[in-house]
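Undergrad: Attaching a single structure in structure tokens format; questions to follow.
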Amino acid sequence: MTVSEKSMRDRMLAGELYIADDPEIGRDLARAQRLSHEINTMDPTDYDRRRDLFTELLGGYGEGAEIRPPFHCDYGYQTTFGARSFANFGLVVLDVATVTVGDDVQIGPNVQLLTATHPLEPGPRRDKWEAAQPVVIGDNVWLGGGVIVCPGVTIGENTVVGAGSVVVRDLPANVVAVGSPARVIREL
């Protein structure tokens with residue numbers, strides 16, 4: 001299959017520029033919206049049903065994992081959430097590219113994990129081209145409340161990111177990082 005023969009969904013999954021009006025992409029988005037809506041409006045004490053729905057929605061939902069609603073994502077199947085990881089209220093995952101959350105991760109309220117990108121040039125952006133870059137959160141990371149992780153970022157294991165920080169570049173393992181943009185302030 002040549003590039004011109006690829007569907008927009010195939011281009012999206014390959015990390016290439018694409019236009020989101022593809023019917024396959026629309027079906028994937030509708031599926032995620034339906035499942036997220038059910039998660040966000042169900043009895044909050046029905047833990048077994050919520051686990052079943054997250055298992056259906058996400059590409060992987062580890063043993064002992066918990067995400068507290070409300071939760072929002074683009075597609076769901078592009079996100080894996082590790083064993084014993086926890087996300088507090090209001091997690092937003094724009095999973096146009098893959099989002100990998102390791103094991104034993106702690107995510108504060110209102111955190112955003114963002115993979116979507118748009119061209120800097122005005123013409124292609126006006127024409128609705130977009131792309132994405134993966135986000136990787138290593139094992140035993142703690143993201144404080146309101147942290148924003150930008151496209152293409154990897155955060156190393158055991159790292160702590162202070163509340164309200166905006167992570168625009170990779171962070172190594174075993175550090176504390178704070179600020180906008182987030183910068184390392186000490187090693188652990």
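Letters A, B, ... go to the chains of the structure tokens in the order shown; residues in each chain start at 1; ligands are counted from 1 in the same order.
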Which residues are close to His72 (chain A), i.e. within 10 Å by only C-alpha atoms, leaving aside same-chain residues fewer than 2 positions away? Reply as a list in words.

TA: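 The filter keeps Ala32, Gln33, Leu35, Ser36, His37, Ile39, Asn40, Pro69, Pro70, Asp74, Tyr75, Gly76, Gly90, Leu91, Val92, Val93, Leu94, Asp95 and Gln112 of chain A.
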
Undergrad: If you count only C-alpha atoms, which residues fall within 8 Å of region 99-105 of chain A, apart from same-chain ones fewer than 6 positions away, as a list of chain:residue names?

TA: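 My reading of the contact set: A:Gly62, A:Gln78, A:Thr79, A:Thr80, A:Phe81, A:Gly82, A:Ala83, A:Arg84, A:Ser85, A:Phe86, A:Val93, A:Leu113, A:Thr115, A:Pro134, A:Val135, A:Val136, A:Ile137, A:Gly138, A:Asp139, A:Asn140, A:Val141, A:Trp142.
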
Undergrad: So the first atom is CA of Val168 (chain A) and the second is CA of Gln133 (chain A); what is the distance between them in Å, to one decimal place?

TA: 12.0 Å

Undergrad: What separation in Å, quoted to one decimal, exists between CA of Met12 (chain A) and CA of Leu58 (chain A)?

TA: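 Interatomic distance here is 17.5 Å.
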
Undergrad: May I ask which of the residues A:Val166, A:Gly64, A:Leu188, A:Ala87 is the closest one to Leu114 (chain A), counting only C-alpha atoms?

TA: A:Val166

Undergrad: Out of A:Asp10, A:Asp170, A:Glu38, A:Asp52, which residue has the shortest atom-to-atom distance to Glu66 (chain A) when counting only C-alpha atoms?

TA: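 Counting only C-alpha atoms, the residue closest to Glu66 (chain A) is A:Asp52.
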
Undergrad: What does the structure give for the distance between CA of Arg31 (chain A) and CA of Ala65 (chain A), in Å to one decimal?

TA: 21.6 Å

Undergrad: Once DSSP has gone over the backbone, tell me which residues of chain A are in strand (DSSP E or B), as a ChimeraX atom specification.

TA: /A:18-19,60-61,66-67,71-73,79-81,86-87,91-94,99-101,106-107,112-114,116-117,129-132,135-137,142-143,148-149,154-155,160-161,166-167,171,175-179,182-187

Undergrad: When DSSP is applied to the backbone of this structure, which of region 24-143 of chain A are assigned helix (DSSP H, G or I)? Write them out as an MDAnalysis selection string.

TA: chainID A and resid 24:41 47:57 122:126

Undergrad: Which region 60-162 of chain A residues have any atom within 7 Å of an atom of region 19-26 of chain A, and for each, what is the nearest pair of atoms with distance in Å to one decimal, counting only C-alpha atoms, rows sorted by chain and number, as CSV?

TA:
```
residue,atom,partner,partner_atom,distance
A:Lys128,CA,A:Ile19,CA,5.9
A:Trp129,CA,A:Ile19,CA,5.0
A:Glu130,CA,A:Ile19,CA,6.3
```
